[in-house]
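K.L.:
There's a structure below that I have some questions on.
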Amino acid sequence: IEGEVKMAKVIGLVNLHSDIEFAGLTERRPVASVSFLGRYGIIDFVLSNMSNSKIDAVGVMIQQKPRSLFKHLGNGNSWNFNQKAGGVSLLYNEKYANDPKYNHDINNLVENIHFLETSNADYVVIAPAHIVTTMDYNDVITAHEKSGATITMTYRKAKDADVAWVGCDVLEIDKDGLLTGKTINKGTRKRQNISLETYVINTKELLEIMKKAHKISAFYDLKDILGYLCDEKQIHTYEYKGYARCLDSTEAYFKYSLEMLDIDISSRVFKSNWPIYTNTNDTPPTKYLENAKVKKSFVANGTVIDGTIENSIIGREVIIGKGAVIKNCVIFSGSKIAPNAVLENVIIDKRAKVEKKLELKGTENNPLYIKEGDRV
């Protein structure tokens with residue numbers, strides 16, 4: 001049709017290469033597949049953003065411990081991608097999996113270069129899993145096209161950079177919205193332009209960047225090369241103003257999980273026009289027995305409750321015994337809590353059993369962690 005505007009073809013990359021770990025929780029799984037709010041995996045948020053932004057071909061760049069991710073992602077059908085257009089591809093770099101210095105995102109892309117080369121995409125959207133947002137990537141792509149740049153980096157104007165986002169990149173931006181430099185947030189100032197590690201890059205440019213990174217240093221990852229290039233290329237920036245949290249430690253994971261119990265915060269993430277997809281499980285509804293009292297909590301299916309729960313997140317098929325009191329806790333699926341146990345500020349991993357030590361208490365800033373499958 002004469003005058004028809006050609007829609008740009010866009011593919012997505014979920015970048016799981018980072019040095020972030022949650023003590024205990026990520027011993028056998030990556031951050032991306034840690035349970036969130038009882039029924040989601042952390043990766044579900046970025047995959048849902050891709051799906052809601054109508055990006056149908058998505059590569060998940062796996063850094064390590066792939067088993068739980070393979071299990072969680074399955075065939076990728078749960079995230080409403082158009083499977084004919086590609087669905088979810090798992091990109092794993094076995095060659096360097098056990099060599100931390102070489103096992104970075106650039107080398108993963110080099111090893112899986114066919115994903116980029118065969119896509120015929122105009123643009124690639126790259127986003128992490130540990131920074132949770134509800135970003136519509138189409139807004140970033142529109143701004144990217146308008147700017148004429150080949151690289152756009154997203155950021156937020158943080159007002160709490162002295163306590164959150166520590167260790168994240170800070171973007172130095174000129175009056176025209178171009179990147180002039182990049183530093184690390186050391187927590188010395190409240191207000192900073194924090195990188196959300198989400199980029200829109202022209203596919204041809206990304207292929208060039210991969211070559212250039214290798215020439216400069218075999219250890220250069222994507223963040224390194226983008227910082228290096230800001231002197232010689234016009235890198236455009238895009239300010240994102242929606243919900244954003246950085247799950248960069250066990251404390252942050254615990255804090256931002258329980259924060260979701262505040263309806264004003266959770267309604268910024270769970271919006272009717274922006275569904276968050278995940279794997280569904282065939283489990284029966286929750287049973288509330290005679291002594292059950294539940295207040296301000298998320299409770300997943302299949303749970304049996306005969307105690308008191310306050311300000312907590314309870315996963316699937318958890319059993320809470322008679323007279324147990326659970327406050328400010330995150331309890332993963334399949335766990336059992338004995339009658340009369342008292343738990344406060346505790347994270348309990350999958351299939352753990354609280355049987356003998358009936359009083360378990362951590363603090364808000366240092367929650368007590370019970371390992372997967374342990375009996376205590």
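Letters A, B, ... mark the chains of the structure tokens in the order given; residue numbers begin at 1 per chain; ligand numbers begin at 1, in order shown.
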Apply DSSP to the backbone of this structure and, from stretch 20-123 of chain A, keep only the residues in strand (DSSP E or B); write these as a PyMOL selection string.
P.N.:
chain A and resi 35-36+40-41+57-62+87-92+123
K.L.:
Mind dumping the selected residues with all heavy atoms as a CSV table (one decimal), in the first residue's frame?
P.N.:
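Result file follows (selection.csv):
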chain,number,residue,atom,x,y,z
A,35,SER,N,11.5,-17.2,43.8
A,35,SER,CA,10.0,-17.0,43.9
A,35,SER,C,9.7,-15.5,44.4
A,35,SER,O,10.4,-15.0,45.2
A,35,SER,CB,9.5,-18.0,44.9
A,35,SER,OG,8.1,-17.7,45.2
A,36,PHE,N,8.7,-14.9,43.8
A,36,PHE,CA,8.3,-13.6,44.2
A,36,PHE,C,6.8,-13.6,44.4
A,36,PHE,O,6.0,-14.0,43.5
A,36,PHE,CB,8.7,-12.6,43.1
A,36,PHE,CG,8.7,-11.2,43.6
A,36,PHE,CD1,9.7,-10.7,44.4
A,36,PHE,CD2,7.7,-10.3,43.2
A,36,PHE,CE1,9.7,-9.3,44.8
A,36,PHE,CE2,7.7,-9.0,43.6
A,36,PHE,CZ,8.7,-8.5,44.4
A,40,TYR,N,5.0,-16.0,41.5
A,40,TYR,CA,5.8,-15.6,40.4
A,40,TYR,C,7.2,-15.9,40.5
A,40,TYR,O,7.7,-16.2,41.6
A,40,TYR,CB,5.6,-14.0,40.2
A,40,TYR,CG,4.2,-13.6,40.0
A,40,TYR,CD1,3.5,-13.1,41.1
A,40,TYR,CD2,3.6,-13.6,38.7
A,40,TYR,CE1,2.2,-12.7,40.9
A,40,TYR,CE2,2.3,-13.2,38.5
A,40,TYR,CZ,1.6,-12.7,39.6
A,40,TYR,OH,0.3,-12.3,39.4
A,41,GLY,N,8.0,-15.9,39.4
A,41,GLY,CA,9.4,-15.9,39.5
A,41,GLY,C,9.8,-14.4,39.1
A,41,GLY,O,9.1,-13.7,38.4
A,57,ALA,N,9.8,-12.3,20.0
A,57,ALA,CA,11.0,-13.1,20.0
A,57,ALA,C,11.9,-12.6,21.1
A,57,ALA,O,12.4,-11.5,21.0
A,57,ALA,CB,11.6,-13.1,18.6
A,58,VAL,N,12.1,-13.4,22.1
A,58,VAL,CA,12.9,-13.0,23.3
A,58,VAL,C,14.0,-14.1,23.6
A,58,VAL,O,13.6,-15.3,23.7
A,58,VAL,CB,12.0,-12.8,24.5
A,58,VAL,CG1,12.8,-12.5,25.7
A,58,VAL,CG2,11.0,-11.7,24.2
A,59,GLY,N,15.2,-13.6,23.7
A,59,GLY,CA,16.3,-14.5,24.1
A,59,GLY,C,16.6,-14.3,25.6
A,59,GLY,O,16.7,-13.1,26.0
A,60,VAL,N,16.7,-15.3,26.4
A,60,VAL,CA,17.1,-15.2,27.8
A,60,VAL,C,18.5,-15.6,27.9
A,60,VAL,O,18.9,-16.8,27.7
A,60,VAL,CB,16.2,-16.1,28.7
A,60,VAL,CG1,16.6,-16.0,30.1
A,60,VAL,CG2,14.7,-15.7,28.5
A,61,MET,N,19.4,-14.6,28.2
A,61,MET,CA,20.8,-14.8,28.3
A,61,MET,C,21.1,-15.4,29.7
A,61,MET,O,21.2,-14.6,30.7
A,61,MET,CB,21.6,-13.5,28.0
A,61,MET,CG,21.3,-13.0,26.6
A,61,MET,SD,21.7,-11.3,26.5
A,61,MET,CE,23.5,-11.3,26.8
A,62,ILE,N,21.3,-16.7,29.8
A,62,ILE,CA,21.5,-17.3,31.1
A,62,ILE,C,23.0,-17.3,31.5
A,62,ILE,O,23.9,-17.7,30.7
A,62,ILE,CB,21.0,-18.8,31.1
A,62,ILE,CG1,19.5,-18.8,30.7
A,62,ILE,CG2,21.3,-19.5,32.4
A,62,ILE,CD1,18.9,-20.1,30.5
A,87,GLY,N,8.8,-16.8,20.1
A,87,GLY,CA,8.7,-17.2,21.5
A,87,GLY,C,10.0,-17.0,22.3
A,87,GLY,O,10.7,-16.0,22.0
A,88,VAL,N,10.2,-17.8,23.3
A,88,VAL,CA,11.4,-17.7,24.2
A,88,VAL,C,12.5,-18.6,23.8
A,88,VAL,O,12.3,-19.8,23.6
A,88,VAL,CB,11.0,-18.0,25.6
A,88,VAL,CG1,12.2,-17.9,26.6
A,88,VAL,CG2,10.0,-17.0,26.1
A,89,SER,N,13.7,-18.1,23.6
A,89,SER,CA,14.9,-18.9,23.3
A,89,SER,C,15.9,-18.8,24.5
A,89,SER,O,16.1,-17.7,25.0
A,89,SER,CB,15.7,-18.4,22.0
A,89,SER,OG,14.8,-18.4,20.9
A,90,LEU,N,16.5,-19.9,24.9
A,90,LEU,CA,17.4,-19.9,26.0
A,90,LEU,C,18.8,-19.8,25.5
A,90,LEU,O,19.2,-20.7,24.7
A,90,LEU,CB,17.2,-21.1,26.9
A,90,LEU,CG,15.7,-21.3,27.4
A,90,LEU,CD1,15.5,-22.6,28.1
A,90,LEU,CD2,15.4,-20.1,28.4
A,91,LEU,N,19.5,-18.7,25.8
A,91,LEU,CA,20.9,-18.5,25.3
A,91,LEU,C,21.9,-18.8,26.4
A,91,LEU,O,21.9,-18.0,27.4
A,91,LEU,CB,21.0,-17.1,24.8
A,91,LEU,CG,19.9,-16.6,23.8
A,91,LEU,CD1,20.1,-15.2,23.4
A,91,LEU,CD2,19.8,-17.5,22.6
A,92,TYR,N,22.6,-19.8,26.3
A,92,TYR,CA,23.5,-20.2,27.4
A,92,TYR,C,24.9,-20.4,26.8
A,92,TYR,O,25.0,-21.0,25.7
A,92,TYR,CB,23.0,-21.5,28.0
A,92,TYR,CG,23.8,-22.0,29.3
A,92,TYR,CD1,24.0,-21.2,30.3
A,92,TYR,CD2,24.2,-23.3,29.3
A,92,TYR,CE1,24.7,-21.6,31.5
A,92,TYR,CE2,24.9,-23.8,30.5
A,92,TYR,CZ,25.1,-22.9,31.5
A,92,TYR,OH,25.8,-23.4,32.6
A,123,TYR,N,15.7,-3.4,15.8
A,123,TYR,CA,16.2,-3.0,17.1
A,123,TYR,C,16.2,-4.2,18.1
A,123,TYR,O,15.4,-5.1,17.9
A,123,TYR,CB,15.2,-1.9,17.7
A,123,TYR,CG,15.0,-0.7,16.8
A,123,TYR,CD1,13.7,-0.4,16.4
A,123,TYR,CD2,16.1,0.0,16.3
A,123,TYR,CE1,13.5,0.7,15.6
A,123,TYR,CE2,15.9,1.1,15.5
A,123,TYR,CZ,14.6,1.5,15.1
A,123,TYR,OH,14.4,2.5,14.3
K.L.:
Which residues, written as number ranges by chain, have at least one atom at most 10 Å from A:Ala218, with only C-alpha atoms counted and residues fewer than 5 positions away on the same chain left out?
P.N.:
A: 101-102, 104, 106-107, 213
K.L.:
May I have the residues within 12 Å of A:Asp282 as a list in words, using only C-alpha atoms and disregarding those fewer than 4 positions away in the same chain?
P.N.:
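Everything that qualifies: Ala300, Asn301, Gly302, Arg316 and Glu317 of chain A.
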K.L.:
Which one of A:Cys168, A:Ile131, A:Leu368, A:Leu229 sits closest to A:Ile216 if you count only C-alpha atoms?
P.N.:
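Smallest separation from A:Ile216 among the options: A:Leu229.
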K.L.:
Of the residues A:Asn93, A:Asn311, A:Thr280, A:Asn98, which is the one nearest to A:Glu111, using only C-alpha atoms?
P.N.:
A:Asn93
K.L.:
Would you mind listing what lies within 10 Å of A:Tyr288 as a ChimeraX atom specification, with only C-alpha atoms counted and same-chain residues fewer than 4 positions away left out?
P.N.:
/A:292-294,303-307,320
K.L.:
Keeping only all heavy atoms, take the residues you just selected and write them out as a compact mmCIF listing (two decimals), in the first residue's frame.
P.N.:
# COMPACT_ATOMS: atom_id res chain seq x y z
N ALA A 292 -7.87 -20.04 61.76
CA ALA A 292 -7.17 -19.19 60.79
C ALA A 292 -7.53 -17.72 60.96
O ALA A 292 -8.70 -17.35 61.07
CB ALA A 292 -7.50 -19.64 59.38
N LYS A 293 -6.48 -16.87 61.03
CA LYS A 293 -6.67 -15.41 61.02
C LYS A 293 -5.61 -14.86 60.08
O LYS A 293 -4.41 -15.00 60.34
CB LYS A 293 -6.45 -14.82 62.42
CG LYS A 293 -7.52 -15.15 63.42
CD LYS A 293 -7.19 -14.57 64.78
CE LYS A 293 -8.14 -15.12 65.85
NZ LYS A 293 -7.56 -15.01 67.19
N VAL A 294 -6.04 -14.23 58.99
CA VAL A 294 -5.08 -13.74 57.98
C VAL A 294 -5.32 -12.26 57.73
O VAL A 294 -6.45 -11.83 57.50
CB VAL A 294 -5.20 -14.53 56.66
CG1 VAL A 294 -4.21 -14.02 55.63
CG2 VAL A 294 -4.99 -16.02 56.90
N THR A 303 -2.81 -23.88 49.94
CA THR A 303 -2.30 -23.74 51.30
C THR A 303 -3.38 -24.10 52.32
O THR A 303 -4.57 -23.87 52.07
CB THR A 303 -1.80 -22.28 51.49
OG1 THR A 303 -0.63 -22.12 50.70
CG2 THR A 303 -1.48 -21.95 52.91
N VAL A 304 -2.95 -24.66 53.45
CA VAL A 304 -3.89 -24.99 54.54
C VAL A 304 -3.45 -24.19 55.77
O VAL A 304 -2.32 -24.32 56.23
CB VAL A 304 -3.87 -26.50 54.85
CG1 VAL A 304 -4.83 -26.82 56.00
CG2 VAL A 304 -4.23 -27.31 53.61
N ILE A 305 -4.36 -23.34 56.28
CA ILE A 305 -4.00 -22.42 57.37
C ILE A 305 -4.86 -22.68 58.59
O ILE A 305 -6.10 -22.68 58.51
CB ILE A 305 -4.18 -20.95 56.91
CG1 ILE A 305 -3.31 -20.66 55.69
CG2 ILE A 305 -3.86 -19.98 58.05
CD1 ILE A 305 -3.61 -19.34 55.01
N ASP A 306 -4.18 -22.88 59.74
CA ASP A 306 -4.91 -23.02 61.00
C ASP A 306 -4.24 -22.15 62.08
O ASP A 306 -4.30 -22.46 63.26
CB ASP A 306 -4.93 -24.50 61.44
CG ASP A 306 -6.10 -24.78 62.39
OD1 ASP A 306 -7.05 -23.96 62.43
OD2 ASP A 306 -6.06 -25.81 63.09
N GLY A 307 -3.58 -21.09 61.62
CA GLY A 307 -2.89 -20.19 62.55
C GLY A 307 -3.11 -18.74 62.14
O GLY A 307 -4.00 -18.43 61.35
N ILE A 320 0.23 -24.37 57.55
CA ILE A 320 0.45 -23.57 58.76
C ILE A 320 -0.35 -24.22 59.89
O ILE A 320 -1.58 -24.23 59.87
CB ILE A 320 -0.03 -22.11 58.56
CG1 ILE A 320 0.54 -21.48 57.29
CG2 ILE A 320 0.25 -21.28 59.82
CD1 ILE A 320 1.97 -21.04 57.34
K.L.:
Which residue out of A:Glu344, A:Asp99, A:Glu94, A:Asp105 has the minimum interatomic distance to A:His17 when only C-alpha atoms are used?
P.N.:
A:Asp105
K.L.:
For A:Phe45, which of A:Arg189, A:Lys146, A:Lys65, A:Arg245 is the closest residue, counting only C-alpha atoms?
P.N.:
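The shortest atom-to-atom distance to A:Phe45 comes from A:Arg245.
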K.L.:
For the structure I just gave you, how does DSSP split stretch 19-157 of chain A - specifically, which residues are alpha helix (DSSP H)? Reply as a VMD selection string.
P.N.:
chain A and resid 43 to 52 67 to 73 105 to 111 113 to 117 137 to 147
K.L.:
Given the choices A:Asn15, A:Ser68, A:Thr134, A:Ser147, which gets closest to A:Ser267 if the distance is worked out from only C-alpha atoms?
P.N.:
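Once distances to A:Ser267 are computed over only C-alpha atoms, the minimum belongs to A:Thr134.
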K.L.:
Mind checking which residues fall within 7 Å of A:Arg375, counting only C-alpha atoms, ignoring those fewer than 4 positions away in the same chain, and posting them as a PyMOL selection string?
P.N.:
chain A and resi 352-355
K.L.:
Please provide the set of residues having any atom within 9 Å of stretch 253-255 of chain A, restricted to only C-alpha atoms, with same-chain residues fewer than 4 positions apart removed, written as a list in words.
P.N.:
Phe22, Phe36, Cys246, Leu247, Asp248, Ser249, Glu259, Met260, Cys329, Val330, Asn345, Ile347, Glu364, Asn365 and Pro367 of chain A
K.L.:
Which residue, A:Met210, A:Val318, A:Ile126, A:Ile313, has the smallest gap to A:Tyr256 when you use only C-alpha atoms?
P.N.:
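Checking each candidate against A:Tyr256, we get A:Ile313 as the closest.
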K.L.:
Can you tell me, as number ranges by chain, what residues are no more than 7 Å from A:Pro339 when counting only C-alpha atoms, ignoring any on the same chain fewer than 3 positions away?
P.N.:
A: 321-324
K.L.:
Can you tell me how far atom CA of A:Met7 sits from atom CA of A:Arg156, in Å to one decimal?
P.N.:
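Computed distance, atom CA of A:Met7 to atom CA of A:Arg156, equals 27.7 Å.
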